$ cat start25.txt   # compact mmCIF, N, CA and C atoms
# COMPACT_ATOMS: atom_id res chain seq x y z
N MET J 179 111.55 104.49 95.46
CA MET J 179 110.54 103.51 95.71
C MET J 179 109.41 103.69 94.71
N ILE J 180 108.91 102.61 94.23
CA ILE J 180 107.77 102.64 93.31
C ILE J 180 106.51 102.36 94.12
N LEU J 181 105.50 103.20 93.93
CA LEU J 181 104.21 102.98 94.56
C LEU J 181 103.22 102.56 93.49
N THR J 182 102.61 101.40 93.69
CA THR J 182 101.51 101.01 92.82
C THR J 182 100.26 101.01 93.68
N GLN J 183 99.17 101.46 93.11
CA GLN J 183 97.91 101.54 93.86
C GLN J 183 96.78 101.02 93.00
N ARG J 184 96.00 100.14 93.58
CA ARG J 184 94.79 99.65 92.95
C ARG J 184 93.62 100.06 93.83
N ASN J 185 92.44 100.11 93.27
CA ASN J 185 91.28 100.58 94.02
C ASN J 185 90.13 99.59 93.92
N ILE J 186 89.43 99.45 95.04
CA ILE J 186 88.15 98.75 95.07
C ILE J 186 87.15 99.76 95.61
N LEU J 187 86.14 100.04 94.83
CA LEU J 187 85.12 101.01 95.25
C LEU J 187 83.88 100.25 95.67
N GLY J 188 83.42 100.49 96.91
CA GLY J 188 82.31 99.73 97.47
C GLY J 188 80.93 100.18 97.06
N GLY J 189 80.85 101.09 96.13
CA GLY J 189 79.53 101.54 95.70
C GLY J 189 79.62 102.58 94.61
N PRO J 190 78.53 102.82 93.93
CA PRO J 190 78.55 103.75 92.81
C PRO J 190 78.77 105.20 93.23
N GLU J 191 78.57 105.50 94.52
CA GLU J 191 78.75 106.89 94.96
C GLU J 191 80.22 107.26 95.12
N ARG J 192 81.11 106.31 95.06
CA ARG J 192 82.55 106.60 95.13
C ARG J 192 83.04 107.02 93.76
N ASP J 193 83.77 108.09 93.73
CA ASP J 193 84.23 108.69 92.49
C ASP J 193 85.54 108.05 92.04
N LEU J 194 85.48 107.28 90.96
CA LEU J 194 86.68 106.64 90.44
C LEU J 194 87.71 107.68 90.00
N ALA J 195 87.25 108.79 89.48
CA ALA J 195 88.18 109.84 89.04
C ALA J 195 89.01 110.35 90.21
N ALA J 196 88.40 110.50 91.38
CA ALA J 196 89.14 110.96 92.56
C ALA J 196 90.20 109.94 92.96
N ALA J 197 89.87 108.66 92.89
CA ALA J 197 90.84 107.62 93.22
C ALA J 197 92.01 107.62 92.25
N ILE J 198 91.74 107.88 90.99
CA ILE J 198 92.81 107.93 89.99
C ILE J 198 93.69 109.15 90.21
N VAL J 199 93.08 110.28 90.51
CA VAL J 199 93.85 111.50 90.81
C VAL J 199 94.70 111.27 92.06
N LEU J 200 94.13 110.61 93.07
CA LEU J 200 94.89 110.30 94.28
C LEU J 200 96.08 109.41 93.97
N ARG J 201 95.87 108.39 93.16
CA ARG J 201 96.96 107.48 92.80
C ARG J 201 98.10 108.24 92.13
N ARG J 202 97.76 109.09 91.18
CA ARG J 202 98.80 109.85 90.48
C ARG J 202 99.55 110.78 91.44
N ALA J 203 98.80 111.43 92.33
CA ALA J 203 99.43 112.35 93.28
C ALA J 203 100.34 111.60 94.24
N LEU J 204 99.88 110.45 94.74
CA LEU J 204 100.70 109.66 95.66
C LEU J 204 101.95 109.13 94.96
N GLN J 205 101.81 108.68 93.73
CA GLN J 205 102.97 108.18 93.00
C GLN J 205 104.00 109.28 92.80
N THR J 206 103.54 110.48 92.50
CA THR J 206 104.46 111.61 92.31
C THR J 206 105.18 111.93 93.60
N GLU J 207 104.46 111.96 94.71
CA GLU J 207 105.06 112.33 95.99
C GLU J 207 105.97 111.23 96.53
N CYS J 208 105.67 109.97 96.23
CA CYS J 208 106.48 108.87 96.77
C CYS J 208 107.68 108.52 95.91
N ALA J 209 107.70 109.00 94.67
CA ALA J 209 108.78 108.64 93.75
C ALA J 209 110.18 108.94 94.30
N PRO J 210 110.42 110.09 94.93
CA PRO J 210 111.79 110.37 95.38
C PRO J 210 112.17 109.70 96.71
N ILE J 211 111.24 109.02 97.36
CA ILE J 211 111.52 108.44 98.67
C ILE J 211 112.25 107.11 98.51
N GLU J 212 113.33 106.98 99.25
CA GLU J 212 114.06 105.71 99.28
C GLU J 212 113.88 105.07 100.64
N VAL J 213 113.41 103.83 100.62
CA VAL J 213 113.23 103.07 101.85
C VAL J 213 114.21 101.90 101.81
N PRO J 214 115.11 101.81 102.77
CA PRO J 214 116.08 100.71 102.76
C PRO J 214 115.38 99.36 102.71
N GLY J 215 115.79 98.54 101.76
CA GLY J 215 115.22 97.20 101.62
C GLY J 215 113.89 97.13 100.92
N LEU J 216 113.42 98.24 100.35
CA LEU J 216 112.12 98.25 99.70
C LEU J 216 112.20 98.93 98.34
N ASP J 217 111.76 98.21 97.31
CA ASP J 217 111.72 98.78 95.96
C ASP J 217 110.30 99.14 95.55
N GLU J 218 109.30 98.39 96.09
CA GLU J 218 107.92 98.62 95.65
C GLU J 218 106.95 98.50 96.83
N LEU J 219 106.04 99.47 96.89
CA LEU J 219 104.93 99.43 97.83
C LEU J 219 103.66 99.32 97.01
N ASP J 220 102.97 98.20 97.16
CA ASP J 220 101.76 97.91 96.38
C ASP J 220 100.55 98.01 97.31
N VAL J 221 99.71 99.01 97.08
CA VAL J 221 98.59 99.28 97.99
C VAL J 221 97.27 99.05 97.27
N MET J 222 96.42 98.26 97.91
CA MET J 222 95.03 98.11 97.46
C MET J 222 94.21 99.02 98.35
N LEU J 223 93.57 100.02 97.76
CA LEU J 223 92.76 100.98 98.50
C LEU J 223 91.29 100.57 98.35
N ALA J 224 90.68 100.14 99.45
CA ALA J 224 89.29 99.69 99.44
C ALA J 224 88.42 100.76 100.09
N LEU J 225 87.67 101.48 99.26
CA LEU J 225 86.82 102.56 99.75
C LEU J 225 85.38 102.05 99.87
N GLY J 226 84.88 101.98 101.11
CA GLY J 226 83.55 101.45 101.35
C GLY J 226 82.46 102.30 100.71
N GLY J 227 81.35 101.67 100.43
CA GLY J 227 80.22 102.36 99.83
C GLY J 227 78.92 101.66 100.19
N SER J 228 77.88 101.93 99.44
CA SER J 228 76.56 101.39 99.75
C SER J 228 76.47 99.89 99.50
N ILE J 229 77.28 99.36 98.60
CA ILE J 229 77.23 97.93 98.29
C ILE J 229 78.13 97.14 99.24
N THR J 230 79.36 97.64 99.42
CA THR J 230 80.31 97.03 100.34
C THR J 230 80.77 98.11 101.30
N PRO J 231 80.14 98.21 102.48
CA PRO J 231 80.44 99.31 103.39
C PRO J 231 81.81 99.19 104.07
N SER J 232 82.38 97.98 104.12
CA SER J 232 83.67 97.73 104.77
C SER J 232 83.64 98.05 106.26
N ALA J 233 82.48 98.08 106.85
CA ALA J 233 82.37 98.39 108.28
C ALA J 233 83.02 97.29 109.11
N GLY J 234 83.73 97.69 110.14
CA GLY J 234 84.33 96.74 111.05
C GLY J 234 85.71 96.24 110.65
N GLN J 235 86.15 96.53 109.46
CA GLN J 235 87.44 96.04 108.99
C GLN J 235 88.37 97.19 108.62
N ALA J 236 88.17 98.35 109.18
CA ALA J 236 88.96 99.52 108.82
C ALA J 236 90.42 99.34 109.20
N GLY J 237 91.29 99.96 108.42
CA GLY J 237 92.71 99.98 108.75
C GLY J 237 93.58 99.35 107.69
N VAL J 238 94.82 99.10 108.07
CA VAL J 238 95.80 98.50 107.17
C VAL J 238 95.74 96.99 107.38
N ARG J 239 95.43 96.27 106.35
CA ARG J 239 95.21 94.82 106.43
C ARG J 239 96.09 94.09 105.42
N ASN J 240 96.22 92.80 105.62
CA ASN J 240 96.89 91.89 104.67
C ASN J 240 98.28 92.37 104.27
N VAL J 241 99.05 92.83 105.23
CA VAL J 241 100.40 93.33 104.93
C VAL J 241 101.33 92.14 104.73
N ARG J 242 102.00 92.15 103.59
CA ARG J 242 102.98 91.09 103.30
C ARG J 242 104.27 91.75 102.83
N PHE J 243 105.36 91.36 103.47
CA PHE J 243 106.67 91.90 103.11
C PHE J 243 107.51 90.78 102.53
N SER J 244 107.91 90.93 101.30
CA SER J 244 108.81 89.98 100.65
C SER J 244 110.21 90.59 100.66
N ARG J 245 111.04 90.12 101.56
CA ARG J 245 112.40 90.63 101.65
C ARG J 245 113.18 90.33 100.38
N SER J 246 112.95 89.14 99.80
CA SER J 246 113.69 88.76 98.59
C SER J 246 113.26 89.60 97.38
N ARG J 247 111.96 89.93 97.30
CA ARG J 247 111.47 90.76 96.18
C ARG J 247 111.50 92.24 96.52
N ARG J 248 111.82 92.56 97.79
CA ARG J 248 111.88 93.95 98.25
C ARG J 248 110.56 94.68 97.96
N ARG J 249 109.48 94.01 98.40
CA ARG J 249 108.15 94.51 98.08
C ARG J 249 107.22 94.32 99.27
N ILE J 250 106.40 95.32 99.52
CA ILE J 250 105.33 95.21 100.52
C ILE J 250 104.01 95.37 99.79
N THR J 251 103.09 94.46 100.10
CA THR J 251 101.72 94.61 99.62
C THR J 251 100.83 94.82 100.84
N ALA J 252 99.86 95.68 100.73
CA ALA J 252 98.96 95.97 101.84
C ALA J 252 97.61 96.42 101.30
N THR J 253 96.58 96.21 102.11
CA THR J 253 95.25 96.70 101.80
C THR J 253 94.88 97.76 102.83
N VAL J 254 94.44 98.91 102.36
CA VAL J 254 93.96 99.97 103.25
C VAL J 254 92.45 100.05 103.07
N VAL J 255 91.73 99.76 104.14
CA VAL J 255 90.27 99.70 104.09
C VAL J 255 89.68 100.92 104.79
N MET J 256 88.85 101.66 104.07
CA MET J 256 88.16 102.84 104.60
C MET J 256 86.67 102.56 104.63
N PRO J 257 86.04 102.58 105.80
CA PRO J 257 84.59 102.36 105.86
C PRO J 257 83.81 103.51 105.22
N ALA J 258 82.66 103.17 104.69
CA ALA J 258 81.82 104.16 104.03
C ALA J 258 81.44 105.30 104.95
N GLY J 259 81.12 104.98 106.21
CA GLY J 259 80.69 106.02 107.15
C GLY J 259 81.74 107.08 107.38
N GLU J 260 83.00 106.68 107.45
CA GLU J 260 84.08 107.65 107.66
C GLU J 260 84.29 108.50 106.41
N LEU J 261 84.19 107.88 105.25
CA LEU J 261 84.34 108.64 104.01
C LEU J 261 83.20 109.64 103.86
N ASP J 262 81.99 109.22 104.18
CA ASP J 262 80.82 110.08 104.03
C ASP J 262 80.85 111.27 104.98
N ALA J 263 81.48 111.09 106.14
CA ALA J 263 81.51 112.14 107.15
C ALA J 263 82.60 113.18 106.90
N ALA J 264 83.57 112.87 106.04
CA ALA J 264 84.72 113.76 105.82
C ALA J 264 84.48 114.68 104.63
N THR J 265 84.99 115.90 104.75
CA THR J 265 84.95 116.85 103.64
C THR J 265 86.31 117.53 103.54
N PRO J 266 87.06 117.38 102.47
CA PRO J 266 86.80 116.43 101.39
C PRO J 266 87.06 115.00 101.87
N GLU J 267 86.42 114.04 101.23
CA GLU J 267 86.44 112.67 101.74
C GLU J 267 87.84 112.05 101.74
N LEU J 268 88.73 112.47 100.85
CA LEU J 268 90.07 111.88 100.83
C LEU J 268 90.86 112.21 102.09
N ASP J 269 90.50 113.30 102.79
CA ASP J 269 91.17 113.62 104.05
C ASP J 269 90.98 112.51 105.08
N ALA J 270 89.89 111.77 104.98
CA ALA J 270 89.64 110.67 105.91
C ALA J 270 90.68 109.57 105.79
N LEU J 271 91.37 109.53 104.66
CA LEU J 271 92.41 108.50 104.45
C LEU J 271 93.68 108.76 105.25
N LEU J 272 93.93 110.00 105.63
CA LEU J 272 95.22 110.34 106.24
C LEU J 272 95.60 109.49 107.45
N PRO J 273 94.71 109.22 108.41
CA PRO J 273 95.12 108.37 109.53
C PRO J 273 95.51 106.96 109.08
N TYR J 274 94.83 106.45 108.06
CA TYR J 274 95.13 105.11 107.58
C TYR J 274 96.46 105.08 106.81
N LEU J 275 96.72 106.15 106.07
CA LEU J 275 98.00 106.24 105.38
C LEU J 275 99.14 106.42 106.37
N ALA J 276 98.89 107.12 107.47
CA ALA J 276 99.90 107.25 108.52
C ALA J 276 100.18 105.88 109.15
N GLU J 277 99.13 105.09 109.35
CA GLU J 277 99.30 103.73 109.86
C GLU J 277 100.10 102.88 108.87
N LEU J 278 99.82 103.05 107.58
CA LEU J 278 100.57 102.32 106.56
C LEU J 278 102.05 102.72 106.59
N ALA J 279 102.33 104.02 106.71
CA ALA J 279 103.71 104.49 106.77
C ALA J 279 104.44 103.88 107.97
N ALA J 280 103.78 103.83 109.12
CA ALA J 280 104.39 103.24 110.31
C ALA J 280 104.64 101.75 110.13
N THR J 281 103.71 101.07 109.47
CA THR J 281 103.86 99.63 109.22
C THR J 281 105.03 99.37 108.29
N VAL J 282 105.13 100.14 107.22
CA VAL J 282 106.25 99.98 106.27
C VAL J 282 107.57 100.22 106.98
N ALA J 283 107.64 101.29 107.76
CA ALA J 283 108.88 101.62 108.46
C ALA J 283 109.28 100.52 109.43
N SER J 284 108.32 99.97 110.16
CA SER J 284 108.66 98.94 111.14
C SER J 284 109.08 97.63 110.48
N ARG J 285 108.55 97.35 109.30
CA ARG J 285 108.93 96.12 108.60
C ARG J 285 110.29 96.24 107.92
N CYS J 286 110.55 97.41 107.32
CA CYS J 286 111.77 97.57 106.51
C CYS J 286 112.96 98.07 107.31
N VAL J 287 112.72 98.94 108.27
CA VAL J 287 113.82 99.56 109.03
C VAL J 287 113.48 99.46 110.52
N PRO J 288 113.42 98.23 111.06
CA PRO J 288 112.96 98.09 112.44
C PRO J 288 113.87 98.75 113.48
N ALA J 289 115.15 98.92 113.15
CA ALA J 289 116.06 99.54 114.11
C ALA J 289 115.85 101.04 114.24
N GLU J 290 115.48 101.70 113.12
CA GLU J 290 115.29 103.16 113.12
C GLU J 290 114.13 103.53 112.20
N PRO J 291 112.91 103.27 112.64
CA PRO J 291 111.78 103.49 111.74
C PRO J 291 111.30 104.94 111.62
N ASP J 292 111.71 105.82 112.53
CA ASP J 292 111.10 107.15 112.59
C ASP J 292 111.28 107.99 111.33
N ALA J 293 112.49 108.00 110.77
CA ALA J 293 112.76 108.82 109.58
C ALA J 293 111.96 108.31 108.38
N VAL J 294 111.89 106.99 108.22
CA VAL J 294 111.14 106.42 107.10
C VAL J 294 109.65 106.69 107.28
N ARG J 295 109.15 106.51 108.49
CA ARG J 295 107.73 106.77 108.76
C ARG J 295 107.40 108.23 108.46
N ALA J 296 108.25 109.14 108.91
CA ALA J 296 107.99 110.57 108.69
C ALA J 296 108.02 110.92 107.21
N ALA J 297 108.98 110.36 106.47
CA ALA J 297 109.08 110.66 105.04
C ALA J 297 107.87 110.13 104.28
N LEU J 298 107.46 108.90 104.58
CA LEU J 298 106.29 108.33 103.90
C LEU J 298 105.01 109.06 104.28
N ALA J 299 104.83 109.32 105.56
CA ALA J 299 103.62 110.02 106.01
C ALA J 299 103.54 111.40 105.37
N GLY J 300 104.67 112.09 105.28
CA GLY J 300 104.69 113.40 104.63
C GLY J 300 104.33 113.32 103.17
N ALA J 301 104.84 112.30 102.48
CA ALA J 301 104.53 112.13 101.06
C ALA J 301 103.04 111.81 100.88
N PHE J 302 102.50 110.98 101.76
CA PHE J 302 101.08 110.65 101.68
C PHE J 302 100.22 111.90 101.92
N GLU J 303 100.60 112.71 102.90
CA GLU J 303 99.85 113.94 103.19
C GLU J 303 99.88 114.90 102.00
N ARG J 304 101.07 115.06 101.41
CA ARG J 304 101.17 115.95 100.23
C ARG J 304 100.35 115.40 99.06
N GLY J 305 100.37 114.07 98.89
CA GLY J 305 99.60 113.46 97.81
C GLY J 305 98.10 113.66 97.99
N VAL J 306 97.62 113.47 99.22
CA VAL J 306 96.18 113.67 99.48
C VAL J 306 95.83 115.14 99.29
N ALA J 307 96.70 116.04 99.78
CA ALA J 307 96.44 117.48 99.61
C ALA J 307 96.36 117.84 98.13
N ALA J 308 97.28 117.31 97.33
CA ALA J 308 97.27 117.59 95.89
C ALA J 308 96.01 117.04 95.23
N ALA J 309 95.59 115.86 95.65
CA ALA J 309 94.40 115.23 95.05
C ALA J 309 93.13 115.99 95.43
N THR J 310 93.06 116.52 96.65
CA THR J 310 91.85 117.22 97.06
C THR J 310 91.75 118.62 96.47
N ARG J 311 92.86 119.16 96.02
CA ARG J 311 92.83 120.49 95.37
C ARG J 311 92.29 120.42 93.95
N ARG J 312 92.26 119.26 93.36
CA ARG J 312 91.85 119.15 91.96
C ARG J 312 90.37 119.08 91.80
$ encode --input "start25.txt" --output "structure tokens"
Amino acid sequence: MILTQRNILGGPERDLAAAIVLRRALQTECAPIEVPGLDELDVMLALGGSITPSAGQAGVRNVRFSRSRRRITATVVMPAGELDAATPELDALLPYLAELAATVASRCVPAEPDAVRAALAGAFERGVAAATRR
């Protein structure tokens, strides 16, 4: 599976370098995962900040599954308050990435989503851990 990730940073206090490191780590961890019926997972990561706090819209949003293109697009929105309260702040993403993993599994493998959800969630956790160590 190919993971593409784009970022929207809601304020100057969000570190673009951390988002880039996270993207690389997630791509590395997700590369060996095979999801039946899915070739690409395209994630827009919206990290709230002082300009766009993203309050009230947290979670996995705008999920679209194209069965013909074998692609899921989704937006993961993290409010500024949750990011500011977490140390390191990327750890705050883990519940949202777990929600994304469950959503992908239920869309692509609705009969048996547990193995896919566990594999994706594990890859996301390893990716966040790798990004926070840098």
$ select_by_dssp --input "start25.txt" --residues "segment 184-285 of chain J" --states "strand (DSSP E or B)" --output "PDB file with N, CA and C atoms, in the frame of the given file"
ATOM      1  N   ARG J 184      96.000 100.140  93.580  1.00  0.00           N
ATOM      2  CA  ARG J 184      94.790  99.650  92.950  1.00  0.00           C
ATOM      3  C   ARG J 184      93.620 100.060  93.830  1.00  0.00           C
ATOM      4  N   ASN J 185      92.440 100.110  93.270  1.00  0.00           N
ATOM      5  CA  ASN J 185      91.280 100.580  94.020  1.00  0.00           C
ATOM      6  C   ASN J 185      90.130  99.590  93.920  1.00  0.00           C
ATOM      7  N   ILE J 186      89.430  99.450  95.040  1.00  0.00           N
ATOM      8  CA  ILE J 186      88.150  98.750  95.070  1.00  0.00           C
ATOM      9  C   ILE J 186      87.150  99.760  95.610  1.00  0.00           C
ATOM     10  N   LEU J 187      86.140 100.040  94.830  1.00  0.00           N
ATOM     11  CA  LEU J 187      85.120 101.010  95.250  1.00  0.00           C
ATOM     12  C   LEU J 187      83.880 100.250  95.670  1.00  0.00           C
ATOM     13  N   VAL J 213     113.410 103.830 100.620  1.00  0.00           N
ATOM     14  CA  VAL J 213     113.230 103.070 101.850  1.00  0.00           C
ATOM     15  C   VAL J 213     114.210 101.900 101.810  1.00  0.00           C
ATOM     16  N   LEU J 216     113.420  98.240 100.350  1.00  0.00           N
ATOM     17  CA  LEU J 216     112.120  98.250  99.700  1.00  0.00           C
ATOM     18  C   LEU J 216     112.200  98.930  98.340  1.00  0.00           C
ATOM     19  N   GLU J 218     109.300  98.390  96.090  1.00  0.00           N
ATOM     20  CA  GLU J 218     107.920  98.620  95.650  1.00  0.00           C
ATOM     21  C   GLU J 218     106.950  98.500  96.830  1.00  0.00           C
ATOM     22  N   LEU J 219     106.040  99.470  96.890  1.00  0.00           N
ATOM     23  CA  LEU J 219     104.930  99.430  97.830  1.00  0.00           C
ATOM     24  C   LEU J 219     103.660  99.320  97.010  1.00  0.00           C
ATOM     25  N   ASP J 220     102.970  98.200  97.160  1.00  0.00           N
ATOM     26  CA  ASP J 220     101.760  97.910  96.380  1.00  0.00           C
ATOM     27  C   ASP J 220     100.550  98.010  97.310  1.00  0.00           C
ATOM     28  N   VAL J 221      99.710  99.010  97.080  1.00  0.00           N
ATOM     29  CA  VAL J 221      98.590  99.280  97.990  1.00  0.00           C
ATOM     30  C   VAL J 221      97.270  99.050  97.270  1.00  0.00           C
ATOM     31  N   MET J 222      96.420  98.260  97.910  1.00  0.00           N
ATOM     32  CA  MET J 222      95.030  98.110  97.460  1.00  0.00           C
ATOM     33  C   MET J 222      94.210  99.020  98.350  1.00  0.00           C
ATOM     34  N   LEU J 223      93.570 100.020  97.760  1.00  0.00           N
ATOM     35  CA  LEU J 223      92.760 100.980  98.500  1.00  0.00           C
ATOM     36  C   LEU J 223      91.290 100.570  98.350  1.00  0.00           C
ATOM     37  N   ALA J 224      90.680 100.140  99.450  1.00  0.00           N
ATOM     38  CA  ALA J 224      89.290  99.690  99.440  1.00  0.00           C
ATOM     39  C   ALA J 224      88.420 100.760 100.090  1.00  0.00           C
ATOM     40  N   LEU J 225      87.670 101.480  99.260  1.00  0.00           N
ATOM     41  CA  LEU J 225      86.820 102.560  99.750  1.00  0.00           C
ATOM     42  C   LEU J 225      85.380 102.050  99.870  1.00  0.00           C
ATOM     43  N   GLY J 237      91.290  99.960 108.420  1.00  0.00           N
ATOM     44  CA  GLY J 237      92.710  99.980 108.750  1.00  0.00           C
ATOM     45  C   GLY J 237      93.580  99.350 107.690  1.00  0.00           C
ATOM     46  N   VAL J 238      94.820  99.100 108.070  1.00  0.00           N
ATOM     47  CA  VAL J 238      95.800  98.500 107.170  1.00  0.00           C
ATOM     48  C   VAL J 238      95.740  96.990 107.380  1.00  0.00           C
ATOM     49  N   ARG J 239      95.430  96.270 106.350  1.00  0.00           N
ATOM     50  CA  ARG J 239      95.210  94.820 106.430  1.00  0.00           C
ATOM     51  C   ARG J 239      96.090  94.090 105.420  1.00  0.00           C
ATOM     52  N   ASN J 240      96.220  92.800 105.620  1.00  0.00           N
ATOM     53  CA  ASN J 240      96.890  91.890 104.670  1.00  0.00           C
ATOM     54  C   ASN J 240      98.280  92.370 104.270  1.00  0.00           C
ATOM     55  N   VAL J 241      99.050  92.830 105.230  1.00  0.00           N
ATOM     56  CA  VAL J 241     100.400  93.330 104.930  1.00  0.00           C
ATOM     57  C   VAL J 241     101.330  92.140 104.730  1.00  0.00           C
ATOM     58  N   ARG J 242     102.000  92.150 103.590  1.00  0.00           N
ATOM     59  CA  ARG J 242     102.980  91.090 103.300  1.00  0.00           C
ATOM     60  C   ARG J 242     104.270  91.750 102.830  1.00  0.00           C
ATOM     61  N   PHE J 243     105.360  91.360 103.470  1.00  0.00           N
ATOM     62  CA  PHE J 243     106.670  91.900 103.110  1.00  0.00           C
ATOM     63  C   PHE J 243     107.510  90.780 102.530  1.00  0.00           C
ATOM     64  N   SER J 244     107.910  90.930 101.300  1.00  0.00           N
ATOM     65  CA  SER J 244     108.810  89.980 100.650  1.00  0.00           C
ATOM     66  C   SER J 244     110.210  90.590 100.660  1.00  0.00           C
ATOM     67  N   ARG J 249     109.480  94.010  98.400  1.00  0.00           N
ATOM     68  CA  ARG J 249     108.150  94.510  98.080  1.00  0.00           C
ATOM     69  C   ARG J 249     107.220  94.320  99.270  1.00  0.00           C
ATOM     70  N   ILE J 250     106.400  95.320  99.520  1.00  0.00           N
ATOM     71  CA  ILE J 250     105.330  95.210 100.520  1.00  0.00           C
ATOM     72  C   ILE J 250     104.010  95.370  99.790  1.00  0.00           C
ATOM     73  N   THR J 251     103.090  94.460 100.100  1.00  0.00           N
ATOM     74  CA  THR J 251     101.720  94.610  99.620  1.00  0.00           C
ATOM     75  C   THR J 251     100.830  94.820 100.840  1.00  0.00           C
ATOM     76  N   ALA J 252      99.860  95.680 100.730  1.00  0.00           N
ATOM     77  CA  ALA J 252      98.960  95.970 101.840  1.00  0.00           C
ATOM     78  C   ALA J 252      97.610  96.420 101.300  1.00  0.00           C
ATOM     79  N   THR J 253      96.580  96.210 102.110  1.00  0.00           N
ATOM     80  CA  THR J 253      95.250  96.700 101.800  1.00  0.00           C
ATOM     81  C   THR J 253      94.880  97.760 102.830  1.00  0.00           C
ATOM     82  N   VAL J 254      94.440  98.910 102.360  1.00  0.00           N
ATOM     83  CA  VAL J 254      93.960  99.970 103.250  1.00  0.00           C
ATOM     84  C   VAL J 254      92.450 100.050 103.070  1.00  0.00           C
ATOM     85  N   VAL J 255      91.730  99.760 104.140  1.00  0.00           N
ATOM     86  CA  VAL J 255      90.270  99.700 104.090  1.00  0.00           C
ATOM     87  C   VAL J 255      89.680 100.920 104.790  1.00  0.00           C
ATOM     88  N   MET J 256      88.850 101.660 104.070  1.00  0.00           N
ATOM     89  CA  MET J 256      88.160 102.840 104.600  1.00  0.00           C
ATOM     90  C   MET J 256      86.670 102.560 104.630  1.00  0.00           C
TER      91      MET J 256
END
$ residues_near_point --input "start25.txt" --point "(98.1, 101.6, 92.9)" --cutoff "6.5 Å" --atoms "all atoms listed in the file" --output "JSON, numbers by chain"
{"J": [181, 182, 183, 184, 185, 201, 220, 221, 222]}
$ write_last_selection --input "start25.txt" --atoms "N, CA and C atoms" --output "PDB file, in the coordinates of the input"
ATOM      1  N   LEU J 181     105.500 103.200  93.930  1.00  0.00           N
ATOM      2  CA  LEU J 181     104.210 102.980  94.560  1.00  0.00           C
ATOM      3  C   LEU J 181     103.220 102.560  93.490  1.00  0.00           C
ATOM      4  N   THR J 182     102.610 101.400  93.690  1.00  0.00           N
ATOM      5  CA  THR J 182     101.510 101.010  92.820  1.00  0.00           C
ATOM      6  C   THR J 182     100.260 101.010  93.680  1.00  0.00           C
ATOM      7  N   GLN J 183      99.170 101.460  93.110  1.00  0.00           N
ATOM      8  CA  GLN J 183      97.910 101.540  93.860  1.00  0.00           C
ATOM      9  C   GLN J 183      96.780 101.020  93.000  1.00  0.00           C
ATOM     10  N   ARG J 184      96.000 100.140  93.580  1.00  0.00           N
ATOM     11  CA  ARG J 184      94.790  99.650  92.950  1.00  0.00           C
ATOM     12  C   ARG J 184      93.620 100.060  93.830  1.00  0.00           C
ATOM     13  N   ASN J 185      92.440 100.110  93.270  1.00  0.00           N
ATOM     14  CA  ASN J 185      91.280 100.580  94.020  1.00  0.00           C
ATOM     15  C   ASN J 185      90.130  99.590  93.920  1.00  0.00           C
ATOM     16  N   ARG J 201      95.870 108.390  93.160  1.00  0.00           N
ATOM     17  CA  ARG J 201      96.960 107.480  92.800  1.00  0.00           C
ATOM     18  C   ARG J 201      98.100 108.240  92.130  1.00  0.00           C
ATOM     19  N   ASP J 220     102.970  98.200  97.160  1.00  0.00           N
ATOM     20  CA  ASP J 220     101.760  97.910  96.380  1.00  0.00           C
ATOM     21  C   ASP J 220     100.550  98.010  97.310  1.00  0.00           C
ATOM     22  N   VAL J 221      99.710  99.010  97.080  1.00  0.00           N
ATOM     23  CA  VAL J 221      98.590  99.280  97.990  1.00  0.00           C
ATOM     24  C   VAL J 221      97.270  99.050  97.270  1.00  0.00           C
ATOM     25  N   MET J 222      96.420  98.260  97.910  1.00  0.00           N
ATOM     26  CA  MET J 222      95.030  98.110  97.460  1.00  0.00           C
ATOM     27  C   MET J 222      94.210  99.020  98.350  1.00  0.00           C
TER      28      MET J 222
END
$ closest_residue --input "start25.txt" --among "J:Thr310, J:Pro190, J:Ala279, J:Cys208" --to "Ala264 of chain J" --atoms "only C-alpha atoms"
J:Thr310
$ residues_around --input "start25.txt" --residues "segment 258-261 of chain J" --least-positions-apart "3" --cutoff "8 Å" --atoms "all atoms listed in the file" --output "VMD selection string"
chain J and resid 188 224 to 228 230 to 234 255 264 to 271
$ atom_distance --input "start25.txt" --atom1 "atom CA of Gln235 of chain J" --atom2 "atom C of Leu219 of chain J"
20.4 Å
$ select_by_dssp --input "start25.txt" --residues "chain J" --states "alpha helix (DSSP H)" --output "JSON, numbers by chain"
{"J": [194, 195, 196, 197, 198, 199, 200, 201, 202, 203, 204, 205, 206, 207, 208, 258, 259, 260, 261, 262, 263, 272, 273, 274, 275, 276, 277, 278, 279, 280, 281, 282, 283, 284, 285, 286, 291, 292, 293, 294, 295, 296, 297, 298, 299, 300, 301, 302, 303, 304, 305, 306, 307, 308, 309, 310, 311]}
$ closest_residue --input "start25.txt" --among "J:Val241, J:Leu204, J:Leu187, J:Val213" --to "Gly305 of chain J" --atoms "only C-alpha atoms"
J:Leu204
$ atom_distance --input "start25.txt" --atom1 "atom CA of Val294 of chain J" --atom2 "atom C of Tyr274 of chain J"
14.7 Å
$ closest_residue --input "start25.txt" --among "J:Val306, J:Arg285, J:Gly300, J:Asp292" --to "Gly215 of chain J" --atoms "all atoms listed in the file"
J:Arg285
$ atom_distance --input "start25.txt" --atom1 "atom CA of Leu223 of chain J" --atom2 "atom C of Ile186 of chain J"
6.4 Å
$ closest_residue --input "start25.txt" --among "J:Ala197, J:Ala299, J:Val238, J:Ile211" --to "Ile180 of chain J" --atoms "only C-alpha atoms"
J:Ile211
$ closest_residue --input "start25.txt" --among "J:Glu212, J:Met179, J:Asp217, J:Ala263" --to "Arg249 of chain J" --atoms "all atoms listed in the file"
J:Asp217
$ closest_residue --input "start25.txt" --among "J:Cys286, J:Gly237, J:Ala308, J:Leu194" --to "Pro273 of chain J" --atoms "all atoms listed in the file"
J:Gly237
$ decode --input "start25.txt" --residues "segment 292-300 of chain J" --atoms "C-alpha atoms" --output "JSON list (two decimals), in the first residue's frame"
[["chain", "number", "residue", "atom", "x", "y", "z"],
["J", 292, "ASP", "CA", -9.58, -6.77, 12.69],
["J", 293, "ALA", "CA", -6.31, -7.93, 11.08],
["J", 294, "VAL", "CA", -6.16, -4.92, 8.74],
["J", 295, "ARG", "CA", -6.99, -2.50, 11.55],
["J", 296, "ALA", "CA", -4.31, -4.02, 13.78],
["J", 297, "ALA", "CA", -1.66, -3.93, 11.04],
["J", 298, "LEU", "CA", -2.38, -0.31, 10.13],
["J", 299, "ALA", "CA", -2.63, 0.86, 13.73],
["J", 300, "GLY", "CA", 0.67, -0.85, 14.51]]
